[in-house]
Each structure stands twice: as C-alpha cells, then as structure tokens.
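Source file final_0.cif; content: mmCIF, C-alpha atoms and all ligand atoms.
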```
data_my_file
loop_
_atom_site.label_atom_id
_atom_site.label_comp_id
_atom_site.auth_asym_id
_atom_site.auth_seq_id
_atom_site.Cartn_x
_atom_site.Cartn_y
_atom_site.Cartn_z
CA MET H 702 -19.80 2.68 6.30
CA HIS H 703 -20.42 5.80 4.22
CA GLU H 704 -23.48 6.66 6.30
CA GLU H 705 -21.48 6.35 9.52
CA ILE H 706 -18.90 8.81 8.21
CA LYS H 707 -21.59 11.28 7.15
CA LYS H 708 -23.23 10.96 10.56
CA ALA H 709 -19.93 11.55 12.35
CA ILE H 710 -19.07 14.68 10.36
CA GLY H 711 -22.65 15.96 10.73
CA GLU H 712 -22.30 15.60 14.51
CA HIS H 713 -18.92 17.30 14.44
CA ALA H 714 -20.43 20.28 12.63
CA ALA H 715 -23.30 20.48 15.12
CA ASP H 716 -20.69 20.87 17.90
CA LEU H 717 -19.66 24.16 16.25
CA VAL H 718 -23.13 25.63 16.78
CA HIS H 719 -23.41 27.69 19.93
CA GLN H 720 -26.22 29.10 22.05
CA GLY H 721 -28.27 31.78 20.31
CA MET H 722 -26.75 31.33 16.86
CA HIS H 723 -28.64 31.87 13.64
CA VAL H 724 -27.86 28.78 11.59
CA GLY H 725 -28.19 28.02 7.88
CA LEU H 726 -29.16 24.46 7.07
CA GLY H 727 -27.74 22.88 3.94
CA THR H 728 -29.30 20.21 1.76
CA GLY H 729 -28.29 16.65 0.98
CA SER H 730 -27.50 13.38 2.66
CA THR H 731 -24.64 14.78 4.77
CA ALA H 732 -26.53 17.94 5.77
CA PHE H 733 -29.35 15.61 6.84
CA TYR H 734 -27.16 14.21 9.64
CA PHE H 735 -26.09 17.68 10.70
CA ILE H 736 -29.72 18.75 11.01
CA GLN H 737 -30.58 15.59 12.96
CA SER H 738 -27.74 16.22 15.36
CA LEU H 739 -28.79 19.87 15.76
CA ILE H 740 -32.34 18.73 16.56
CA GLU H 741 -30.95 16.47 19.30
CA LYS H 742 -28.93 19.34 20.75
CA CYS H 743 -31.98 21.63 20.71
CA LYS H 744 -33.95 19.00 22.61
CA LYS H 745 -31.22 19.13 25.26
CA GLY H 746 -31.47 22.92 25.61
CA LEU H 747 -29.52 24.51 22.77
CA LYS H 748 -31.40 27.55 21.51
CA VAL H 749 -30.91 28.50 17.85
CA LYS H 750 -32.93 29.82 14.98
CA ALA H 751 -32.49 28.52 11.47
CA LEU H 752 -32.98 29.12 7.78
CA ALA H 753 -33.14 26.19 5.36
CA SER H 754 -31.76 25.94 1.83
CA SER H 755 -34.56 23.62 0.67
CA GLN H 756 -38.05 22.46 1.52
CA ARG H 757 -36.60 19.07 2.50
CA SER H 758 -34.30 20.57 5.10
CA TYR H 759 -37.02 22.97 6.25
CA ASP H 760 -39.45 20.08 6.81
CA GLN H 761 -36.82 18.09 8.71
CA ALA H 762 -36.01 21.06 10.97
CA ILE H 763 -39.65 21.95 11.64
CA LYS H 764 -40.47 18.33 12.43
CA GLY H 765 -37.59 18.29 14.90
CA GLY H 766 -38.80 21.48 16.57
CA ILE H 767 -36.09 23.93 15.42
CA PRO H 768 -37.53 27.47 15.30
CA MET H 769 -37.17 28.96 11.82
CA LEU H 770 -36.34 32.51 10.74
CA ASP H 771 -38.16 34.41 8.01
CA ILE H 772 -35.87 34.56 4.96
CA ASN H 773 -37.12 38.02 4.00
CA GLN H 774 -36.48 39.44 7.47
CA THR H 775 -32.97 37.98 7.79
CA THR H 776 -29.83 39.48 6.34
CA SER H 777 -27.11 37.47 8.03
CA LEU H 778 -26.37 34.10 9.61
CA ASP H 779 -23.69 33.10 12.09
CA ILE H 780 -22.97 29.79 10.46
CA TYR H 781 -24.07 27.81 7.40
CA VAL H 782 -23.42 24.07 7.26
CA ASP H 783 -23.65 22.11 4.03
CA GLY H 784 -22.11 19.29 2.03
CA ALA H 785 -20.49 19.54 -1.40
CA ASP H 786 -20.20 17.39 -4.48
CA GLU H 787 -16.55 18.27 -5.09
CA ILE H 788 -14.01 20.41 -3.27
CA ASP H 789 -10.49 21.25 -4.44
CA PRO H 790 -7.37 22.19 -2.43
CA LEU H 791 -8.29 25.91 -2.73
CA LYS H 792 -11.70 25.15 -1.19
CA ARG H 793 -13.46 25.89 -4.48
CA MET H 794 -16.52 23.67 -4.76
CA ILE H 795 -19.15 22.24 -7.04
CA LYS H 796 -22.59 21.90 -5.49
CA GLY H 797 -26.11 21.30 -6.69
CA LYS H 798 -26.51 17.59 -7.22
CA GLY H 799 -29.49 17.92 -4.89
CA GLY H 800 -30.84 20.77 -7.01
CA ALA H 801 -30.73 23.44 -4.30
CA LEU H 802 -27.64 25.35 -5.50
CA VAL H 803 -29.20 28.81 -5.80
CA LYS H 804 -30.68 28.89 -2.31
CA GLU H 805 -27.53 27.25 -0.94
CA LYS H 806 -25.33 29.96 -2.44
CA ILE H 807 -27.59 32.70 -1.07
CA LEU H 808 -27.43 31.29 2.47
CA ALA H 809 -23.69 30.62 2.22
CA SER H 810 -23.09 34.23 1.18
CA MET H 811 -25.27 35.55 4.05
CA SER H 812 -23.25 33.62 6.57
CA ARG H 813 -20.22 34.66 8.63
CA GLU H 814 -18.80 31.19 8.01
CA MET H 815 -19.75 28.29 5.81
CA ILE H 816 -18.76 24.95 7.32
CA VAL H 817 -18.37 22.31 4.62
CA ILE H 818 -18.98 18.69 5.58
CA VAL H 819 -17.65 16.10 3.15
CA ASP H 820 -16.36 12.58 3.11
CA GLN H 821 -13.07 11.76 1.44
CA SER H 822 -14.76 10.90 -1.87
CA LYS H 823 -15.53 14.61 -2.44
CA LEU H 824 -11.87 15.72 -2.42
CA VAL H 825 -10.58 16.42 -5.94
CA ASP H 826 -7.47 18.02 -7.38
CA HIS H 827 -9.50 19.78 -10.07
CA LEU H 828 -13.22 20.52 -10.21
CA GLY H 829 -15.37 18.98 -12.92
CA LYS H 830 -14.65 15.31 -12.32
CA ASP H 831 -18.41 14.86 -12.26
CA VAL H 832 -21.15 17.15 -13.58
CA LEU H 833 -21.52 20.88 -13.01
CA PRO H 834 -25.19 21.68 -12.26
CA VAL H 835 -26.41 24.93 -13.83
CA GLU H 836 -29.84 26.39 -13.04
CA ILE H 837 -31.60 27.90 -16.07
CA ILE H 838 -35.02 29.46 -16.48
CA PRO H 839 -37.55 27.49 -18.55
CA TYR H 840 -38.27 30.43 -20.89
CA ALA H 841 -36.36 29.91 -24.16
CA TYR H 842 -34.34 27.14 -22.59
CA GLY H 843 -33.58 25.75 -26.05
CA SER H 844 -31.74 28.94 -26.89
CA THR H 845 -29.92 28.93 -23.53
CA LEU H 846 -28.74 25.36 -24.13
CA HIS H 847 -27.69 26.30 -27.66
CA HIS H 848 -25.55 29.12 -26.26
CA LEU H 849 -23.99 26.77 -23.73
CA GLU H 850 -23.25 24.13 -26.32
CA LYS H 851 -21.77 26.69 -28.72
CA LEU H 852 -19.30 27.56 -25.97
CA GLY H 853 -18.46 23.88 -25.60
CA TYR H 854 -20.48 23.17 -22.45
CA LYS H 855 -22.26 19.95 -23.26
CA GLY H 856 -24.57 18.19 -20.87
CA THR H 857 -28.10 17.02 -20.20
CA LEU H 858 -31.24 18.55 -18.79
CA ARG H 859 -31.88 16.87 -15.47
CA LYS H 860 -34.86 14.54 -15.39
CA LYS H 861 -36.77 12.91 -12.57
CA ASP H 862 -37.12 9.14 -12.29
CA ASP H 863 -40.51 9.35 -14.02
CA GLY H 864 -38.84 10.89 -17.09
CA ASN H 865 -40.26 14.38 -16.59
CA LEU H 866 -37.92 17.36 -16.33
CA TYR H 867 -36.63 18.12 -12.85
CA ILE H 868 -37.96 21.45 -11.57
CA THR H 869 -36.12 23.35 -8.86
CA GLU H 870 -37.83 25.08 -5.95
CA ASN H 871 -37.36 28.29 -7.93
CA HIS H 872 -39.39 26.74 -10.78
CA ASN H 873 -36.37 26.38 -13.04
CA TYR H 874 -34.51 23.58 -14.85
CA ILE H 875 -31.08 22.13 -14.12
CA TYR H 876 -28.61 21.51 -16.94
CA ASP H 877 -25.85 19.15 -15.81
CA ILE H 878 -22.68 19.97 -17.73
CA ALA H 879 -20.25 17.11 -18.22
CA PHE H 880 -16.66 18.29 -18.72
CA SER H 881 -14.58 16.10 -21.01
CA SER H 882 -11.85 16.43 -18.40
CA PRO H 883 -11.74 18.40 -15.12
CA THR H 884 -11.45 22.14 -15.64
CA LEU H 885 -8.28 24.07 -14.89
CA HIS H 886 -10.13 27.41 -15.02
CA PRO H 887 -13.33 27.12 -13.02
CA GLU H 888 -13.62 30.90 -12.49
CA LYS H 889 -13.47 31.48 -16.24
CA ASP H 890 -16.04 28.75 -16.88
CA HIS H 891 -18.33 30.22 -14.24
CA GLU H 892 -18.05 33.68 -15.79
CA MET H 893 -18.73 32.43 -19.34
CA ILE H 894 -21.74 30.37 -18.27
CA ARG H 895 -23.19 33.05 -15.96
CA ASN H 896 -23.03 35.60 -18.77
CA ILE H 897 -25.54 33.67 -20.89
CA PRO H 898 -29.03 35.14 -20.60
CA GLY H 899 -31.34 32.53 -19.09
CA VAL H 900 -28.70 31.15 -16.76
CA VAL H 901 -29.56 31.79 -13.11
CA ASP H 902 -26.36 30.45 -11.55
CA THR H 903 -23.79 27.68 -11.71
CA GLY H 904 -22.93 25.16 -9.03
CA PHE H 905 -19.42 26.61 -8.66
CA PHE H 906 -18.91 28.04 -5.17
CA PHE H 907 -15.87 30.29 -4.78
CA HIS H 908 -14.61 32.14 -1.69
CA LEU H 909 -17.43 30.76 0.42
CA ALA H 910 -16.00 27.78 2.27
CA GLY H 911 -14.70 28.36 5.78
CA ARG H 912 -13.66 25.34 7.79
CA VAL H 913 -13.96 22.02 5.96
CA ILE H 914 -14.72 18.91 7.99
CA VAL H 915 -13.47 15.86 6.10
CA GLY H 916 -14.41 12.32 7.05
CA PHE H 917 -11.89 9.74 5.87
CA PHE H 918 -12.80 6.14 5.13
CA ASP H 919 -10.52 4.93 7.95
CA GLY H 920 -12.74 6.80 10.42
CA GLN H 921 -10.45 9.80 10.87
CA ILE H 922 -12.06 13.25 10.91
CA VAL H 923 -9.92 16.22 9.94
CA ILE H 924 -10.91 19.88 10.18
CA ARG H 925 -9.21 22.02 7.53
CA PRO H 926 -9.06 25.70 8.51
C1 LIG C 1 -27.57 20.00 -2.79
O1 LIG C 1 -28.12 20.80 -3.77
C2 LIG C 1 -26.10 19.84 -2.97
O2 LIG C 1 -25.40 20.99 -3.20
C3 LIG C 1 -25.50 19.07 -1.82
O3 LIG C 1 -25.01 19.91 -0.84
C4 LIG C 1 -24.41 18.25 -2.36
O4 LIG C 1 -24.94 17.56 -3.45
C5 LIG C 1 -23.85 17.27 -1.34
O5 LIG C 1 -24.80 16.30 -1.04
P1 LIG C 1 -24.45 14.99 -0.28
O6 LIG C 1 -24.05 15.37 1.09
O7 LIG C 1 -25.75 14.20 -0.30
O8 LIG C 1 -23.37 14.28 -1.03
#
```

Show me this structure written as structure tokens.
Amino acid sequence: MHEEIKKAIGEHAADLVHQGMHVGLGTGSTAFYFIQSLIEKCKKGLKVKALASSQRSYDQAIKGGIPMLDINQTTSLDIYVDGADEIDPLKRMIKGKGGALVKEKILASMSREMIVIVDQSKLVDHLGKDVLPVEIIPYAYGSTLHHLEKLGYKGTLRKKDDGNLYITENHNYIYDIAFSSPTLHPEKDHEMIRNIPGVVDTGFFFHLAGRVIVGFFDGQIVIRP
C-alpha cells in the first residue's frame, strides 16, 4: 500500500518535468519512484539533464540512461524533486534519514523550485517528532557532541547494521538528535546547532519547499501550492 502511494506521487512529480529542464534528483524511497518514472519518460522522448543528491540516485539515473550534468559546471536547476522525513504546515522540513542532507540542501537551494513528495505519514504539526539528523565532521567529534549535549541536544551517532559508524558521502558522521518533544522553535534550534564548530549542517530545511505533493492513505493525491 505504502509503496503504491510513493509510486503514484513519484509519477505525479515526473509529470511536472518538461522538455529541456535541468532536474535535481532527490534521495530516498519516494525519490526512487520519481527517478524511475523520469527514466520511463526519457525513454519515450523527454529530454532532460540531471544532477543527483547521492551516489544511489546517480547510479539509478545513469543506469536508466538519464544524461547527467557536472555539479561543478552547474549553478542552477529548473526543478528539484525529493522526499522528506517530516513537513509542517509552514512547509518547514526535516530531512536526512537517508544521510544525504547536505547535498540535498545544496541542490534544493540551486533550484527554481523544490517539489516535495511525501505520503501522509510525513505531515506533522511540529517538527521533531522523530530524529533530527545533523552532519558533523569526524575531527574532534567528541567535543562537537559535548557542545551539542551541553545545549540539551541529545542523540546518537548513526551506525550501520554492522555496528560501524555511518559515513556520509562527504566523509562525515551523522548525529541523530532526539527531541524530548517536538520543537516549537526549529529556526532557533537550527541556528544554535549550526553555530557549533564541527557541525556541517542540520536536516532542517526552511524556505526551500515549493509545491508539496501529498499522497493520502485513501489513495487521494493533493498538491499543496
Ligand atoms: C535522504 O537523505 C532523506 O532526506 C530523504 O529525502 C528522506 O529521508 C525521505 O525519504 P523517504 O522518501 O525514503 O521516506
């Protein structure tokens, strides 16, 4: 059921991609369906060029024959399509469960519009229901975590299934902050966390979401402007 919803919203997002567009590809299980649908459209004659927010999405696109842009020769995108872990009524989001938050934020900010594709389970009144991923550099990470904890941001360093620390594509760690209750001041939290030396970025995404395509469990798809 969940997969069908993700597939449907992925296809919906692919319908927003037009001939000649430069497209940013998100990361995650919902973005996967968007990329698949885009591949199908390209096979039928749609011509686009893309940038990917992760190796996974890059590999999927290349395998499907989508021509890719060079990240260092590209300064803007027409559209960026990605999922989210949480989104509130002001279209503020938490992203990064898939570990690609830094590249995702870069592509989202390069893009004329970010299209967010989420199922109903991602809609929240307040952000921080689940964890907030924060990317930190490995150097002196103990001190970075100490700073975070002193400010009250408690969490865990992300690990892989084999027990080793998860390493991002930027060769960093992810610290997943667990709020004791959802935050009422995400901008303030973002600011406080970002100001700690060693922190690369947080999974908060503000002022980036354009249209939001929501898939409801009853099969309805709603586009929020
Ligand atoms: C990847 O780093 C994340 O930001 C994803 O975009 C987010 O976790 C949503 O993923 P799903 O579509 O798999 O829920």

Cut-off 7 Å: closest stretch 770-885 of chain H/stretch 897-916 of chain H atom pairs per residue, using only C-alpha atoms, as JSON lines:
```
{"residue": "H:Lys792", "atom": "CA", "partner": "H:Ala910", "partner_atom": "CA", "distance": 6.1}
{"residue": "H:Arg793", "atom": "CA", "partner": "H:Phe907", "partner_atom": "CA", "distance": 5.0}
{"residue": "H:Met794", "atom": "CA", "partner": "H:Phe906", "partner_atom": "CA", "distance": 5.0}
{"residue": "H:Ile795", "atom": "CA", "partner": "H:Phe905", "partner_atom": "CA", "distance": 4.7}
{"residue": "H:Lys796", "atom": "CA", "partner": "H:Gly904", "partner_atom": "CA", "distance": 4.8}
{"residue": "H:Gly797", "atom": "CA", "partner": "H:Gly904", "partner_atom": "CA", "distance": 5.5}
{"residue": "H:Leu802", "atom": "CA", "partner": "H:Gly904", "partner_atom": "CA", "distance": 5.9}
{"residue": "H:Val803", "atom": "CA", "partner": "H:Asp902", "partner_atom": "CA", "distance": 6.6}
{"residue": "H:Ala809", "atom": "CA", "partner": "H:Leu909", "partner_atom": "CA", "distance": 6.5}
{"residue": "H:Ser810", "atom": "CA", "partner": "H:Leu909", "partner_atom": "CA", "distance": 6.7}
{"residue": "H:Glu814", "atom": "CA", "partner": "H:Gly911", "partner_atom": "CA", "distance": 5.5}
{"residue": "H:Met815", "atom": "CA", "partner": "H:Gly911", "partner_atom": "CA", "distance": 5.1}
{"residue": "H:Ile816", "atom": "CA", "partner": "H:Arg912", "partner_atom": "CA", "distance": 5.1}
{"residue": "H:Val817", "atom": "CA", "partner": "H:Val913", "partner_atom": "CA", "distance": 4.6}
{"residue": "H:Ile818", "atom": "CA", "partner": "H:Ile914", "partner_atom": "CA", "distance": 4.9}
{"residue": "H:Val819", "atom": "CA", "partner": "H:Val915", "partner_atom": "CA", "distance": 5.1}
{"residue": "H:Asp820", "atom": "CA", "partner": "H:Gly916", "partner_atom": "CA", "distance": 4.4}
{"residue": "H:Gln821", "atom": "CA", "partner": "H:Gly916", "partner_atom": "CA", "distance": 5.8}
{"residue": "H:Leu833", "atom": "CA", "partner": "H:Gly904", "partner_atom": "CA", "distance": 6.0}
{"residue": "H:Pro834", "atom": "CA", "partner": "H:Gly904", "partner_atom": "CA", "distance": 5.3}
{"residue": "H:Val835", "atom": "CA", "partner": "H:Thr903", "partner_atom": "CA", "distance": 4.3}
{"residue": "H:Glu836", "atom": "CA", "partner": "H:Val901", "partner_atom": "CA", "distance": 5.4}
{"residue": "H:Ile837", "atom": "CA", "partner": "H:Val900", "partner_atom": "CA", "distance": 4.4}
{"residue": "H:Ile838", "atom": "CA", "partner": "H:Gly899", "partner_atom": "CA", "distance": 5.5}
{"residue": "H:Thr845", "atom": "CA", "partner": "H:Gly899", "partner_atom": "CA", "distance": 5.9}
```

Once you count all atoms listed in the file, which residues end up within 8 Å of ligand LIG 1 (chain C), and could you hand them over as a VMD selection string?
chain H and resid 707 727 to 733 783 to 786 795 to 802 805 818 to 819 823 904

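Relative to atom CA of H:Ile780, atom CA of H:Ser812 is found at 5.5 Å.
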
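The spacing separating atom CA of H:Tyr876 from atom CA of H:Lys889 amounts to 18.1 Å.
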
Show which residues sit within 6 Å of H:Val832, as a PyMOL selection string. Count only C-alpha atoms, and ignore same-chain residues fewer than 6 positions away.
chain H and resi 877-879

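Here atom CA of H:Leu747 is placed at a distance of 27.9 Å from atom CA of H:His703.
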
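Look at H:His886: the protein and nucleic acid residues within 10 Å of it, using only C-alpha atoms and passing over chain neighbours fewer than 4 places away, are H:His827, H:Leu828, H:Asp890, H:His891.
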
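Each of H:Gly721, H:Glu741, H:Lys855, H:Pro839 was compared to H:Phe880 using only C-alpha atoms, and H:Lys855 turns out to be the nearest.
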
When distances are computed from only C-alpha atoms, which of H:Asp716, H:Ile736, H:Leu852, H:Pro926 shows the smallest separation from H:Arg757?
H:Ile736

Taking 6 positions as the minimum chain separation for residues in the same chain, which residues sit within 12 Å of H:Lys861 when counting all atoms listed in the file? Answer as a VMD selection string.
chain H and resid 799 to 800 867 to 869 874 to 875

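Candidate residues H:Gln756, H:Ile807, H:Ala841, H:Ser881 were compared for distance to H:Gly856, and the nearest is H:Ser881, using all atoms listed in the file.
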
List the neighbours of H:Ala715 out to 10 Å using all atoms listed in the file; skip same-chain residues closer than 2 positions along the sequence, and give me the result as a list of chain:residue names.
H:Ala709, H:Ile710, H:Gly711, H:Glu712, H:His713, H:Leu717, H:Val718, H:His719, H:Tyr734, H:Phe735, H:Ile736, H:Gln737, H:Ser738, H:Leu739, H:Ile740, H:Glu741, H:Lys742, H:Val782

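Using only C-alpha atoms, the shortest contact distance between H:Arg813 and any of H:Gln921, H:Thr884, H:Ser777, H:Asn865 is found at H:Ser777.
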
Mind writing stretch 803-816 of chain H to a file for me, with N, CA, C and O atoms, as a compact mmCIF listing (two decimals), in the first residue's frame?
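This is the output file out.txt:
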```
# COMPACT_ATOMS: atom_id res chain seq x y z
N VAL H 803 23.19 17.14 3.22
CA VAL H 803 23.99 18.29 2.78
C VAL H 803 23.88 18.48 1.27
O VAL H 803 23.59 19.59 0.79
N LYS H 804 24.05 17.39 0.53
CA LYS H 804 23.92 17.50 -0.93
C LYS H 804 22.48 17.87 -1.31
O LYS H 804 22.25 18.63 -2.24
N GLU H 805 21.52 17.32 -0.58
CA GLU H 805 20.12 17.63 -0.87
C GLU H 805 19.85 19.11 -0.70
O GLU H 805 19.16 19.74 -1.51
N LYS H 806 20.40 19.68 0.37
CA LYS H 806 20.13 21.11 0.63
C LYS H 806 20.81 21.97 -0.44
O LYS H 806 20.26 22.98 -0.88
N ILE H 807 21.99 21.55 -0.88
CA ILE H 807 22.69 22.32 -1.92
C ILE H 807 21.85 22.31 -3.21
O ILE H 807 21.60 23.35 -3.81
N LEU H 808 21.37 21.13 -3.61
CA LEU H 808 20.59 21.06 -4.86
C LEU H 808 19.26 21.80 -4.71
O LEU H 808 18.82 22.50 -5.63
N ALA H 809 18.64 21.66 -3.54
CA ALA H 809 17.36 22.36 -3.32
C ALA H 809 17.57 23.87 -3.45
O ALA H 809 16.74 24.58 -4.03
N SER H 810 18.69 24.37 -2.92
CA SER H 810 18.90 25.82 -2.94
C SER H 810 19.36 26.31 -4.31
O SER H 810 19.31 27.50 -4.59
N MET H 811 19.80 25.41 -5.18
CA MET H 811 20.18 25.78 -6.56
C MET H 811 18.98 25.84 -7.48
O MET H 811 19.07 26.28 -8.62
N SER H 812 17.86 25.31 -6.97
CA SER H 812 16.74 25.05 -7.86
C SER H 812 15.68 26.16 -7.84
O SER H 812 15.42 26.74 -6.79
N ARG H 813 15.07 26.41 -8.99
CA ARG H 813 13.99 27.40 -9.05
C ARG H 813 12.82 26.96 -8.19
O ARG H 813 12.14 27.76 -7.58
N GLU H 814 12.56 25.64 -8.18
CA GLU H 814 11.50 25.13 -7.31
C GLU H 814 11.87 23.74 -6.79
O GLU H 814 12.36 22.90 -7.55
N MET H 815 11.64 23.55 -5.50
CA MET H 815 11.78 22.21 -4.94
C MET H 815 10.37 21.62 -4.82
O MET H 815 9.51 22.19 -4.16
N ILE H 816 10.17 20.48 -5.45
CA ILE H 816 8.89 19.76 -5.33
C ILE H 816 9.09 18.70 -4.26
O ILE H 816 10.02 17.87 -4.35
```
